file input39.cif (mmCIF, C-alpha atoms)
data_upload
loop_
_atom_site.group_PDB
_atom_site.id
_atom_site.type_symbol
_atom_site.label_atom_id
_atom_site.label_comp_id
_atom_site.auth_asym_id
_atom_site.auth_seq_id
_atom_site.Cartn_x
_atom_site.Cartn_y
_atom_site.Cartn_z
ATOM 1 C CA MET A 1 125.491 38.748 165.326
ATOM 2 C CA ASN A 2 125.400 39.611 169.014
ATOM 3 C CA ASN A 3 123.097 42.601 169.052
ATOM 4 C CA ILE A 4 121.308 45.155 166.925
ATOM 5 C CA GLY A 5 124.139 47.670 167.319
ATOM 6 C CA GLU A 6 126.567 45.279 165.686
ATOM 7 C CA PHE A 7 124.007 44.522 162.976
ATOM 8 C CA ILE A 8 123.566 48.236 162.257
ATOM 9 C CA SER A 9 127.343 48.773 162.048
ATOM 10 C CA THR A 10 127.523 46.011 159.465
ATOM 11 C CA LEU A 11 124.668 47.535 157.470
ATOM 12 C CA GLU A 12 126.275 50.983 157.535
ATOM 13 C CA THR A 13 129.435 49.721 155.872
ATOM 14 C CA GLU A 14 127.396 49.103 152.723
ATOM 15 C CA PHE A 15 126.224 52.691 152.360
ATOM 16 C CA ASP A 16 128.814 54.872 150.628
ATOM 17 C CA GLU A 17 127.604 58.227 151.893
ATOM 18 C CA LEU A 18 126.102 57.365 155.253
ATOM 19 C CA ALA A 19 127.878 58.682 158.347
ATOM 20 C CA PRO A 20 128.371 56.052 161.069
ATOM 21 C CA GLY A 21 125.632 56.342 163.675
ATOM 22 C CA THR A 22 123.006 57.507 161.188
ATOM 23 C CA LEU A 23 121.099 54.227 161.195
ATOM 24 C CA LYS A 24 118.919 53.594 164.251
ATOM 25 C CA PRO A 25 116.718 50.608 165.029
ATOM 26 C CA GLU A 26 113.650 52.698 164.189
ATOM 27 C CA THR A 27 115.075 54.088 160.928
ATOM 28 C CA LYS A 28 112.868 53.395 157.932
ATOM 29 C CA PHE A 29 114.856 52.352 154.872
ATOM 30 C CA ASN A 30 112.638 54.396 152.568
ATOM 31 C CA ASP A 31 113.431 57.546 154.576
ATOM 32 C CA LEU A 32 117.128 57.316 153.730
ATOM 33 C CA ASP A 33 118.221 59.555 150.857
ATOM 34 C CA GLU A 34 120.596 56.846 149.716
ATOM 35 C CA TRP A 35 117.982 54.066 149.682
ATOM 36 C CA SER A 36 117.293 52.690 146.225
ATOM 37 C CA SER A 37 116.443 49.483 144.440
ATOM 38 C CA MET A 38 120.157 48.809 144.150
ATOM 39 C CA TYR A 39 120.540 48.986 147.942
ATOM 40 C CA SER A 40 117.670 46.530 148.330
ATOM 41 C CA LEU A 41 119.753 44.031 146.423
ATOM 42 C CA ILE A 42 122.992 44.973 148.200
ATOM 43 C CA ILE A 43 121.420 44.437 151.630
ATOM 44 C CA ILE A 44 120.017 41.060 150.596
ATOM 45 C CA ALA A 45 123.515 40.082 149.379
ATOM 46 C CA LEU A 46 125.140 41.353 152.570
ATOM 47 C CA ILE A 47 122.819 39.340 154.789
ATOM 48 C CA ASP A 48 123.459 36.278 152.701
ATOM 49 C CA THR A 49 127.258 36.549 152.927
ATOM 50 C CA GLU A 50 127.567 37.871 156.492
ATOM 51 C CA TYR A 51 124.908 35.785 158.224
ATOM 52 C CA GLU A 52 124.231 32.997 155.747
ATOM 53 C CA VAL A 53 120.566 33.906 155.853
ATOM 54 C CA THR A 54 118.482 34.135 152.717
ATOM 55 C CA ILE A 55 115.904 36.867 152.568
ATOM 56 C CA SER A 56 113.899 37.502 149.446
ATOM 57 C CA GLY A 57 113.057 40.780 147.827
ATOM 58 C CA GLU A 58 109.487 40.240 148.940
ATOM 59 C CA ASP A 59 110.705 39.785 152.539
ATOM 60 C CA LEU A 60 112.423 43.140 152.340
ATOM 61 C CA MET A 61 109.326 44.766 150.836
ATOM 62 C CA SER A 62 107.254 43.453 153.750
ATOM 63 C CA ILE A 63 109.222 45.397 156.361
ATOM 64 C CA SER A 64 110.162 49.032 156.688
ATOM 65 C CA LYS A 65 112.481 49.500 159.681
ATOM 66 C CA VAL A 66 116.023 48.412 160.496
ATOM 67 C CA GLU A 67 114.863 46.650 163.675
ATOM 68 C CA GLU A 68 112.359 44.587 161.691
ATOM 69 C CA LEU A 69 115.142 43.415 159.407
ATOM 70 C CA TYR A 70 117.286 42.573 162.421
ATOM 71 C CA GLU A 71 114.482 40.492 163.945
ATOM 72 C CA MET A 72 113.900 38.695 160.660
ATOM 73 C CA VAL A 73 117.583 37.806 160.292
ATOM 74 C CA LYS A 74 117.893 36.778 163.959
ATOM 75 C CA LEU A 75 114.869 34.512 163.695
ATOM 76 C CA ARG A 76 116.165 32.813 160.552
ATOM 77 C CA MET A 77 119.627 32.319 162.018
ATOM 78 C CA LYS A 78 118.011 30.248 164.767
ATOM 79 C CA GLN A 79 116.121 28.064 162.306
ATOM 80 C CA MET B 1 104.747 37.997 124.170
ATOM 81 C CA ILE B 2 105.074 37.247 127.855
ATOM 82 C CA ILE B 3 108.304 36.610 129.750
ATOM 83 C CA ARG B 4 108.193 34.998 133.170
ATOM 84 C CA LYS B 5 111.515 34.988 134.936
ATOM 85 C CA TYR B 6 113.078 35.703 138.325
ATOM 86 C CA GLY B 7 109.741 36.340 140.026
ATOM 87 C CA ILE B 8 108.368 38.934 137.664
ATOM 88 C CA THR B 9 106.415 38.972 134.417
ATOM 89 C CA LEU B 10 107.069 41.152 131.406
ATOM 90 C CA GLN B 11 103.964 41.358 129.253
ATOM 91 C CA ARG B 12 104.099 42.988 125.853
ATOM 92 C CA LEU B 13 102.088 46.205 125.916
ATOM 93 C CA THR B 14 98.765 45.973 124.116
ATOM 94 C CA GLU B 15 96.220 48.655 123.336
ATOM 95 C CA ALA B 16 94.114 47.493 126.281
ATOM 96 C CA ASP B 17 96.674 48.921 128.713
ATOM 97 C CA ILE B 18 97.728 52.166 127.066
ATOM 98 C CA GLU B 19 95.350 54.272 129.158
ATOM 99 C CA LEU B 20 96.785 52.776 132.334
ATOM 100 C CA VAL B 21 100.264 53.689 131.126
ATOM 101 C CA ARG B 22 99.146 57.192 130.144
ATOM 102 C CA HIS B 23 97.600 57.739 133.567
ATOM 103 C CA HIS B 24 100.870 56.931 135.319
ATOM 104 C CA ARG B 25 103.086 58.578 132.685
ATOM 105 C CA ASN B 26 101.128 61.824 133.256
ATOM 106 C CA SER B 27 101.663 61.788 137.016
ATOM 107 C CA GLU B 28 103.894 64.584 138.262
ATOM 108 C CA LEU B 29 106.362 62.173 139.848
ATOM 109 C CA ILE B 30 107.005 60.383 136.556
ATOM 110 C CA ARG B 31 106.755 63.398 134.237
ATOM 111 C CA LYS B 32 109.455 65.403 135.992
ATOM 112 C CA ARG B 33 111.973 62.651 135.240
ATOM 113 C CA MET B 34 111.113 62.531 131.541
ATOM 114 C CA PHE B 35 112.435 64.624 128.663
ATOM 115 C CA TYR B 36 108.897 65.164 127.363
ATOM 116 C CA GLN B 37 107.068 66.666 130.321
ATOM 117 C CA LYS B 38 103.766 67.852 128.815
ATOM 118 C CA LEU B 39 100.571 66.022 129.671
ATOM 119 C CA ILE B 40 99.802 63.352 127.098
ATOM 120 C CA THR B 41 96.266 63.246 125.716
ATOM 121 C CA GLU B 42 94.274 60.104 124.958
ATOM 122 C CA GLU B 43 94.643 60.794 121.237
ATOM 123 C CA GLU B 44 98.406 61.291 121.502
ATOM 124 C CA GLN B 45 98.696 58.056 123.428
ATOM 125 C CA LYS B 46 96.833 56.138 120.716
ATOM 126 C CA LYS B 47 99.092 57.599 118.020
ATOM 127 C CA TRP B 48 102.159 56.762 120.085
ATOM 128 C CA PHE B 49 101.002 53.176 120.504
ATOM 129 C CA GLN B 50 100.423 52.806 116.778
ATOM 130 C CA SER B 51 103.987 54.030 116.214
ATOM 131 C CA ILE B 52 105.543 51.526 118.613
ATOM 132 C CA ASN B 53 103.384 48.451 118.059
ATOM 133 C CA ASN B 54 105.769 46.818 115.602
ATOM 134 C CA ASP B 55 108.734 44.456 115.358
ATOM 135 C CA PHE B 56 111.268 47.131 116.282
ATOM 136 C CA ASN B 57 109.780 48.087 119.634
ATOM 137 C CA TYR B 58 109.599 45.942 122.721
ATOM 138 C CA TYR B 59 107.407 47.653 125.311
ATOM 139 C CA PHE B 60 106.565 45.486 128.297
ATOM 140 C CA LEU B 61 104.353 46.024 131.295
ATOM 141 C CA ILE B 62 106.158 44.865 134.433
ATOM 142 C CA LEU B 63 103.995 42.689 136.672
ATOM 143 C CA HIS B 64 104.755 41.458 140.149
ATOM 144 C CA GLU B 65 102.320 39.084 141.801
ATOM 145 C CA GLU B 66 99.736 39.925 139.102
ATOM 146 C CA LYS B 67 100.008 43.665 139.768
ATOM 147 C CA LYS B 68 101.101 46.024 137.004
ATOM 148 C CA ILE B 69 103.888 48.113 138.481
ATOM 149 C CA GLY B 70 105.685 49.762 135.575
ATOM 150 C CA LEU B 71 106.852 49.790 131.980
ATOM 151 C CA ILE B 72 110.184 48.854 130.427
ATOM 152 C CA HIS B 73 111.199 49.081 126.808
ATOM 153 C CA GLY B 74 113.826 48.727 124.139
ATOM 154 C CA ASN B 75 113.478 50.403 120.740
ATOM 155 C CA ILE B 76 115.568 48.741 118.079
ATOM 156 C CA GLU B 77 116.989 51.164 115.547
ATOM 157 C CA SER B 78 117.562 48.348 113.070
ATOM 158 C CA TYR B 79 118.374 44.674 113.385
ATOM 159 C CA GLU B 80 121.338 45.223 111.064
ATOM 160 C CA THR B 81 123.078 47.814 113.233
ATOM 161 C CA GLY B 82 121.892 46.076 116.383
ATOM 162 C CA ILE B 83 121.393 49.295 118.328
ATOM 163 C CA SER B 84 118.603 49.618 120.859
ATOM 164 C CA ARG B 85 117.417 52.494 123.073
ATOM 165 C CA GLY B 86 115.891 51.550 126.367
ATOM 166 C CA GLY B 87 114.123 52.942 129.392
ATOM 167 C CA ILE B 88 112.105 52.008 132.447
ATOM 168 C CA PHE B 89 109.609 53.658 134.713
ATOM 169 C CA ILE B 90 107.963 52.263 137.812
ATOM 170 C CA TRP B 91 104.710 53.777 139.044
ATOM 171 C CA GLU B 92 103.904 51.530 141.975
ATOM 172 C CA PRO B 93 105.286 53.363 145.057
ATOM 173 C CA THR B 94 106.078 50.206 147.046
ATOM 174 C CA ALA B 95 108.092 48.827 144.131
ATOM 175 C CA MET B 96 110.141 51.929 143.258
ATOM 176 C CA GLN B 97 112.919 51.313 145.770
ATOM 177 C CA SER B 98 112.543 47.566 145.882
ATOM 178 C CA HIS B 99 114.540 44.905 144.050
ATOM 179 C CA LEU B 100 111.891 44.741 141.304
ATOM 180 C CA PRO B 101 113.214 47.451 138.948
ATOM 181 C CA ILE B 102 116.558 45.648 138.924
ATOM 182 C CA ILE B 103 114.970 42.318 138.117
ATOM 183 C CA ALA B 104 112.973 43.914 135.299
ATOM 184 C CA SER B 105 116.137 45.548 133.970
ATOM 185 C CA VAL B 106 118.054 42.275 134.065
ATOM 186 C CA CYS B 107 115.242 40.429 132.253
ATOM 187 C CA ALA B 108 114.870 43.098 129.549
ATOM 188 C CA THR B 109 118.627 43.511 129.063
ATOM 189 C CA ASP B 110 119.144 39.753 128.883
ATOM 190 C CA LEU B 111 116.292 39.515 126.381
ATOM 191 C CA LEU B 112 117.689 42.200 124.106
ATOM 192 C CA PHE B 113 121.341 41.166 124.283
ATOM 193 C CA PHE B 114 121.108 37.391 124.367
ATOM 194 C CA LEU B 115 117.835 36.457 122.628
ATOM 195 C CA VAL B 116 117.177 39.387 120.304
ATOM 196 C CA LYS B 117 120.961 39.710 119.932
ATOM 197 C CA ILE B 118 121.395 43.452 119.750
ATOM 198 C CA LYS B 119 124.975 44.712 119.918
ATOM 199 C CA ARG B 120 124.637 48.043 121.734
ATOM 200 C CA SER B 121 122.069 49.456 124.107
ATOM 201 C CA LEU B 122 121.712 53.214 124.525
ATOM 202 C CA ALA B 123 119.990 55.045 127.369
ATOM 203 C CA GLU B 124 119.246 58.744 127.656
ATOM 204 C CA VAL B 125 119.112 60.226 131.142
ATOM 205 C CA ARG B 126 118.271 63.770 132.193
ATOM 206 C CA ALA B 127 121.415 65.452 133.503
ATOM 207 C CA ASP B 128 119.589 66.305 136.748
ATOM 208 C CA ASN B 129 118.544 62.688 137.379
ATOM 209 C CA LYS B 130 121.525 61.355 139.318
ATOM 210 C CA ILE B 131 119.631 58.323 140.585
ATOM 211 C CA ALA B 132 118.935 57.139 137.038
ATOM 212 C CA LEU B 133 122.513 57.853 136.002
ATOM 213 C CA GLU B 134 123.958 55.811 138.873
ATOM 214 C CA TYR B 135 121.389 53.071 138.312
ATOM 215 C CA ASN B 136 122.469 52.654 134.698
ATOM 216 C CA GLN B 137 126.161 52.813 135.560
ATOM 217 C CA LYS B 138 125.748 49.882 137.973
ATOM 218 C CA PHE B 139 124.759 47.817 134.934
ATOM 219 C CA GLY B 140 127.845 48.966 133.057
ATOM 220 C CA TYR B 141 126.397 51.824 131.009
ATOM 221 C CA GLN B 142 129.084 54.371 130.182
ATOM 222 C CA ILE B 143 128.582 58.010 129.239
ATOM 223 C CA VAL B 144 129.120 58.715 125.551
ATOM 224 C CA GLU B 145 130.601 62.196 125.819
ATOM 225 C CA ALA B 146 130.138 62.981 122.136
ATOM 226 C CA LEU B 147 126.364 62.459 122.324
ATOM 227 C CA SER B 148 125.758 64.028 125.743
ATOM 228 C CA ASP B 149 125.101 67.692 126.491
ATOM 229 C CA ASP B 150 124.069 69.939 129.399
ATOM 230 C CA GLU B 151 120.531 68.548 129.430
ATOM 231 C CA LYS B 152 121.148 64.863 129.009
ATOM 232 C CA TYR B 153 123.617 62.067 129.259
ATOM 233 C CA VAL B 154 123.636 59.441 126.553
ATOM 234 C CA LEU B 155 124.927 56.154 127.888
ATOM 235 C CA GLU B 156 125.999 53.036 126.083
ATOM 236 C CA LEU B 157 126.236 49.377 127.039
ATOM 237 C CA THR B 158 127.558 46.364 125.170
ATOM 238 C CA PRO B 159 126.840 42.724 126.056
ATOM 239 C CA GLU B 160 130.477 42.187 127.067
ATOM 240 C CA ILE B 161 130.576 45.120 129.496
ATOM 241 C CA TYR B 162 127.146 44.181 130.840
ATOM 242 C CA LEU B 163 128.259 40.633 131.632
ATOM 243 C CA GLU B 164 131.376 41.936 133.345
ATOM 244 C CA THR B 165 129.935 44.896 135.292
ATOM 245 C CA ALA B 166 126.532 43.480 136.207
ATOM 246 C CA LYS B 167 127.904 40.041 137.053
ATOM 247 C CA THR B 168 127.198 40.382 140.780
ATOM 248 C CA ILE B 169 123.766 41.908 140.184
ATOM 249 C CA ARG B 170 122.776 39.063 137.861
ATOM 250 C CA GLU B 171 124.075 36.455 140.288
ATOM 251 C CA MET B 172 122.092 38.014 143.132
ATOM 252 C CA VAL B 173 118.933 38.152 141.034
ATOM 253 C CA LYS B 174 119.312 34.436 140.323
ATOM 254 C CA LYS B 175 120.092 33.626 143.925
ATOM 255 C CA ILE B 176 117.227 35.498 145.584
ATOM 256 C CA ASN B 177 114.816 33.859 143.173
ATOM 257 C CA ASN B 178 116.382 30.436 143.564
ATOM 258 C CA ASP B 179 116.702 30.224 139.794
ATOM 259 C CA PRO B 180 120.290 29.755 138.587
ATOM 260 C CA SER B 181 119.317 29.545 134.924
ATOM 261 C CA GLU B 182 119.816 32.183 132.272
ATOM 262 C CA LEU B 183 116.864 33.685 130.424
ATOM 263 C CA SER B 184 116.023 31.503 127.446
ATOM 264 C CA TRP B 185 113.279 31.092 124.870
ATOM 265 C CA ASN B 186 111.682 28.608 127.287
ATOM 266 C CA ASP B 187 110.794 31.607 129.465
ATOM 267 C CA VAL B 188 109.077 33.359 126.564
ATOM 268 C CA GLU B 189 105.397 32.687 125.908
ATOM 269 C CA LEU B 190 103.861 33.704 122.606
ATOM 270 C CA PRO B 191 100.165 34.338 121.957
ATOM 271 C CA ARG B 192 98.264 31.479 120.307
ATOM 272 C CA GLU B 193 97.548 33.536 117.235
ATOM 273 C CA LYS B 194 99.900 35.930 115.554
ATOM 274 C CA PRO B 195 98.930 39.501 116.473
ATOM 275 C CA ALA B 196 98.158 41.653 113.450
ATOM 276 C CA GLY B 197 101.121 43.710 112.330
ATOM 277 C CA LEU B 198 103.633 41.949 114.561
ATOM 278 C CA TYR B 199 106.382 39.384 113.962
ATOM 279 C CA ASP B 200 106.203 39.642 110.164
ATOM 280 C CA ASN B 201 109.716 40.725 109.287
ATOM 281 C CA LEU B 202 111.985 39.333 111.951
ATOM 282 C CA PRO B 203 115.609 38.371 111.321
ATOM 283 C CA SER B 204 116.156 34.622 110.937
ATOM 284 C CA HIS B 205 117.577 34.114 114.451
ATOM 285 C CA LEU B 206 114.284 35.399 115.888
ATOM 286 C CA ALA B 207 111.947 33.872 113.286
ATOM 287 C CA GLU B 208 113.374 30.499 114.285
ATOM 288 C CA TYR B 209 111.764 30.860 117.729
ATOM 289 C CA ILE B 210 108.880 33.238 117.133
ATOM 290 C CA LYS B 211 106.551 31.031 115.132
ATOM 291 C CA PHE B 212 102.784 30.755 114.787
ATOM 292 C CA LYS B 213 100.560 28.083 113.339
ATOM 293 C CA PRO B 214 99.311 29.022 109.868
#
call {"tool": "encode", "arguments": {"input": "input39.cif", "output": "structure tokens"}}
result
Amino acid sequence: MNNIGEFISTLETEFDELAPGTLKPETKFNDLDEWSSMYSLIIIALIDTEYEVTISGEDLMSISKVEELYEMVKLRMKQ
Amino acid sequence: MIIRKYGITLQRLTEADIELVRHHRNSELIRKRMFYQKLITEEEQKKWFQSINNDFNYYFLILHEEKKIGLIHGNIESYETGISRGGIFIWEPTAMQSHLPIIASVCATDLLFFLVKIKRSLAEVRADNKIALEYNQKFGYQIVEALSDDEKYVLELTPEIYLETAKTIREMVKKINNDPSELSWNDVELPREKPAGLYDNLPSHLAEYIKFKP
């Protein structure tokens, strides 16, 4: 994971009806029409398989924006 | 009956909490997703509770970190036919789009299929509620055309299709909670004393586990 742009591109592949470029660092997950409890789980699974980083459901509930998720994943990749 | 599994708690609904449930069930956000959309009175709620507080109805409050966030249920038509009708609603805004509804659904579905041993689970969804329809389909529920109409979809799930379709969901739920085990009777806590009117006429496979001291 080189930068947030790459991270966002990876995230966008998981959303069926999201046009590329829709997600921005400041995008709030809850503001997305597609966002649902199922996507919460899908994103946790994606981060686990793509980056080998474990985030919990509670971790995801504690943040709201894409950039916060990126920072969380980046930090844990270093650990 | 209390079930603690995968980071949440399912606590059998008691009369002490029916006003809390009524308060949230009457909110506009919840009502508009329900088939019965009129405001429910305190008296109606009491009558409803009396009708469901028996061995055929499993209504559980969903708790996360001690906070009551929603209600999930399965109504068993009969233990002989093994058909159950289920539903869920979450009232806590921060939990609605979180992983928690999925965990509650996995726990309740596992309970009904693998401990209570029902054979078919039915769900009714308003035809205009696409989110609920898709949510159920991710677990393997399939539309039963013959029972559906313009106003509602009736969906059906069997244990076999659930295990196949929701395999990834169930694996993720286990993984994010660092708990690879399946739901078992060890996760089920019973009250010290038998509640009046409950657990009197259970089938033998349940009576074996649901026991109280005389």
call {"tool": "interface_residues", "arguments": {"input": "input39.cif", "of": "chain A", "to": "chain B", "cutoff": "6 Å", "atoms": "all atoms listed in the file", "output": "list in words"}}
result
Ser36, Ser37, Ser40, Leu41, Ser56 and Gly57 of chain A
call {"tool": "closest_residue", "arguments": {"input": "input39.cif", "among": "A:Thr27, A:Glu58, A:Phe15, A:Thr10", "to": "Glu65 of chain B", "atoms": "only C-alpha atoms"}}
result
A:Glu58
call {"tool": "residues_near_point", "arguments": {"input": "input39.cif", "point": "(111.1, 46.9, 118.8)", "cutoff": "8 Å", "atoms": "all atoms listed in the file", "output": "list in words"}}
result
Ile52, Asn53, Asn54, Asp55, Phe56, Asn57, Tyr58, Tyr59, Gly74, Asn75, Ile76 and Glu77 of chain B
call {"tool": "write_last_selection", "arguments": {"input": "input39.cif", "atoms": "C-alpha atoms", "output": "short mmCIF file (atom, residue, chain, number, x, y, z; two decimals), in the coordinates of the input"}}
result
data_model
loop_
_atom_site.label_atom_id
_atom_site.label_comp_id
_atom_site.auth_asym_id
_atom_site.auth_seq_id
_atom_site.Cartn_x
_atom_site.Cartn_y
_atom_site.Cartn_z
CA ILE B 52 105.54 51.53 118.61
CA ASN B 53 103.38 48.45 118.06
CA ASN B 54 105.77 46.82 115.60
CA ASP B 55 108.73 44.46 115.36
CA PHE B 56 111.27 47.13 116.28
CA ASN B 57 109.78 48.09 119.63
CA TYR B 58 109.60 45.94 122.72
CA TYR B 59 107.41 47.65 125.31
CA GLY B 74 113.83 48.73 124.14
CA ASN B 75 113.48 50.40 120.74
CA ILE B 76 115.57 48.74 118.08
CA GLU B 77 116.99 51.16 115.55
#
call {"tool": "closest_residue", "arguments": {"input": "input39.cif", "among": "B:Tyr162, B:Phe35, B:Tyr79, B:Trp48", "to": "Val116 of chain B", "atoms": "only C-alpha atoms"}}
result
B:Tyr79
call {"tool": "atom_distance", "arguments": {"input": "input39.cif", "atom1": "atom CA of Leu122 of chain B", "atom2": "atom CA of His205 of chain B"}}
result
22.0 Å
call {"tool": "residues_near_point", "arguments": {"input": "input39.cif", "point": "(122.6, 36.2, 158.9)", "cutoff": "10 Å", "atoms": "all atoms listed in the file", "output": "compact mmCIF listing (two decimals) with C-alpha atoms, in the coordinates of the input"}}
result
# COMPACT_ATOMS: atom_id res chain seq x y z
CA MET A 1 125.49 38.75 165.33
CA PHE A 7 124.01 44.52 162.98
CA ILE A 44 120.02 41.06 150.60
CA LEU A 46 125.14 41.35 152.57
CA ILE A 47 122.82 39.34 154.79
CA ASP A 48 123.46 36.28 152.70
CA THR A 49 127.26 36.55 152.93
CA GLU A 50 127.57 37.87 156.49
CA TYR A 51 124.91 35.78 158.22
CA GLU A 52 124.23 33.00 155.75
CA VAL A 53 120.57 33.91 155.85
CA THR A 54 118.48 34.14 152.72
CA ILE A 55 115.90 36.87 152.57
CA TYR A 70 117.29 42.57 162.42
CA MET A 72 113.90 38.70 160.66
CA VAL A 73 117.58 37.81 160.29
CA LYS A 74 117.89 36.78 163.96
CA LEU A 75 114.87 34.51 163.70
CA ARG A 76 116.16 32.81 160.55
CA MET A 77 119.63 32.32 162.02
CA LYS A 78 118.01 30.25 164.77
call {"tool": "residues_around", "arguments": {"input": "input39.cif", "residues": "Leu11 of chain A", "least_positions_apart": "5", "cutoff": "10 Å", "atoms": "only C-alpha atoms", "output": "PyMOL selection string"}}
result
chain A and resi 5-6+20+23+42-43+46-47+66
call {"tool": "atom_distance", "arguments": {"input": "input39.cif", "atom1": "atom CA of Asp33 of chain A", "atom2": "atom CA of Gly70 of chain B"}}
result
22.1 Å
call {"tool": "closest_residue", "arguments": {"input": "input39.cif", "among": "A:Ser9, A:Glu17, A:Pro25, A:Tyr39", "to": "Glu71 of chain A", "atoms": "only C-alpha atoms"}}
result
A:Pro25
call {"tool": "axis_aligned_box", "arguments": {"input": "input39.cif", "around": "segment 103-119 of chain B", "padding_each_side": "5 Å", "output": "AutoDock Vina command-line options"}}
result
--center_x 119.0 --center_y 41.0 --center_z 128.9 --size_x 22.0 --size_y 19.1 --size_z 28.4
call {"tool": "atom_distance", "arguments": {"input": "input39.cif", "atom1": "atom CA of His73 of chain B", "atom2": "atom CA of Asp59 of chain A"}}
result
27.4 Å
call {"tool": "residues_around", "arguments": {"input": "input39.cif", "residues": "Lys65 of chain A", "least_positions_apart": "3", "cutoff": "7 Å", "atoms": "only C-alpha atoms", "output": "list in words"}}
result
Pro25, Glu26, Thr27, Lys28, Phe29, Glu68 and Leu69 of chain A
call {"tool": "resolve_selection", "arguments": {"input": "input39.cif", "expression": "the PyMOL selection byres ((chain B and resi 9) around 6)", "output": "JSON, numbers by chain"}}
result
{"B": [3, 4, 8, 10, 62, 63]}
call {"tool": "write_last_selection", "arguments": {"input": "input39.cif", "atoms": "C-alpha atoms", "output": "CSV table (one decimal), in the coordinates of the input"}}
result
chain,number,residue,atom,x,y,z
B,3,ILE,CA,108.3,36.6,129.8
B,4,ARG,CA,108.2,35.0,133.2
B,8,ILE,CA,108.4,38.9,137.7
B,10,LEU,CA,107.1,41.2,131.4
B,62,ILE,CA,106.2,44.9,134.4
B,63,LEU,CA,104.0,42.7,136.7
call {"tool": "residues_around", "arguments": {"input": "input39.cif", "residues": "Asp110 of chain B", "least_positions_apart": "4", "cutoff": "9 Å", "atoms": "all atoms listed in the file", "output": "number ranges by chain"}}
result
B: 105-106, 114-116, 159, 182-184
call {"tool": "closest_residue", "arguments": {"input": "input39.cif", "among": "A:Asp16, A:Ile4, A:Gly21, A:Asn30", "to": "Met61 of chain A", "atoms": "only C-alpha atoms"}}
result
A:Asn30
call {"tool": "resolve_selection", "arguments": {"input": "input39.cif", "expression": "the PyMOL selection byres ((chain B and resi 2) around 10)", "output": "count of residues only"}}
result
16
call {"tool": "decode", "arguments": {"input": "input39.cif", "residues": "segment 106-119 of chain B", "atoms": "N, CA and C atoms", "output": "PDB file, in the first residue's frame"}}
result
ATOM      1  N   VAL B 106     -26.245 -14.072  12.565  1.00  0.00           N
ATOM      2  CA  VAL B 106     -25.523 -15.350  12.569  1.00  0.00           C
ATOM      3  C   VAL B 106     -25.827 -16.114  13.862  1.00  0.00           C
ATOM      4  N   CYS B 107     -25.771 -15.423  14.990  1.00  0.00           N
ATOM      5  CA  CYS B 107     -26.030 -16.096  16.281  1.00  0.00           C
ATOM      6  C   CYS B 107     -27.452 -16.665  16.319  1.00  0.00           C
ATOM      7  N   ALA B 108     -28.431 -15.860  15.921  1.00  0.00           N
ATOM      8  CA  ALA B 108     -29.830 -16.312  15.993  1.00  0.00           C
ATOM      9  C   ALA B 108     -30.095 -17.436  14.990  1.00  0.00           C
ATOM     10  N   THR B 109     -29.511 -17.320  13.791  1.00  0.00           N
ATOM     11  CA  THR B 109     -29.738 -18.361  12.781  1.00  0.00           C
ATOM     12  C   THR B 109     -29.054 -19.655  13.197  1.00  0.00           C
ATOM     13  N   ASP B 110     -27.849 -19.547  13.715  1.00  0.00           N
ATOM     14  CA  ASP B 110     -27.150 -20.737  14.223  1.00  0.00           C
ATOM     15  C   ASP B 110     -27.953 -21.387  15.354  1.00  0.00           C
ATOM     16  N   LEU B 111     -28.461 -20.557  16.251  1.00  0.00           N
ATOM     17  CA  LEU B 111     -29.261 -21.076  17.365  1.00  0.00           C
ATOM     18  C   LEU B 111     -30.457 -21.871  16.849  1.00  0.00           C
ATOM     19  N   LEU B 112     -31.205 -21.265  15.943  1.00  0.00           N
ATOM     20  CA  LEU B 112     -32.438 -21.909  15.481  1.00  0.00           C
ATOM     21  C   LEU B 112     -32.163 -23.145  14.626  1.00  0.00           C
ATOM     22  N   PHE B 113     -31.175 -23.069  13.757  1.00  0.00           N
ATOM     23  CA  PHE B 113     -30.900 -24.221  12.889  1.00  0.00           C
ATOM     24  C   PHE B 113     -30.168 -25.354  13.624  1.00  0.00           C
ATOM     25  N   PHE B 114     -29.170 -24.991  14.420  1.00  0.00           N
ATOM     26  CA  PHE B 114     -28.260 -26.042  14.896  1.00  0.00           C
ATOM     27  C   PHE B 114     -28.480 -26.454  16.356  1.00  0.00           C
ATOM     28  N   LEU B 115     -29.123 -25.610  17.150  1.00  0.00           N
ATOM     29  CA  LEU B 115     -29.438 -26.018  18.532  1.00  0.00           C
ATOM     30  C   LEU B 115     -30.927 -26.342  18.668  1.00  0.00           C
ATOM     31  N   VAL B 116     -31.767 -25.433  18.195  1.00  0.00           N
ATOM     32  CA  VAL B 116     -33.212 -25.694  18.257  1.00  0.00           C
ATOM     33  C   VAL B 116     -33.615 -26.695  17.165  1.00  0.00           C
ATOM     34  N   LYS B 117     -32.813 -26.750  16.133  1.00  0.00           N
ATOM     35  CA  LYS B 117     -32.974 -27.726  15.038  1.00  0.00           C
ATOM     36  C   LYS B 117     -34.250 -27.544  14.220  1.00  0.00           C
ATOM     37  N   ILE B 118     -34.523 -26.302  13.854  1.00  0.00           N
ATOM     38  CA  ILE B 118     -35.620 -26.093  12.904  1.00  0.00           C
ATOM     39  C   ILE B 118     -35.118 -26.456  11.501  1.00  0.00           C
ATOM     40  N   LYS B 119     -36.063 -26.685  10.607  1.00  0.00           N
ATOM     41  CA  LYS B 119     -35.697 -27.161   9.259  1.00  0.00           C
ATOM     42  C   LYS B 119     -35.793 -26.067   8.200  1.00  0.00           C
TER      43      LYS B 119
END
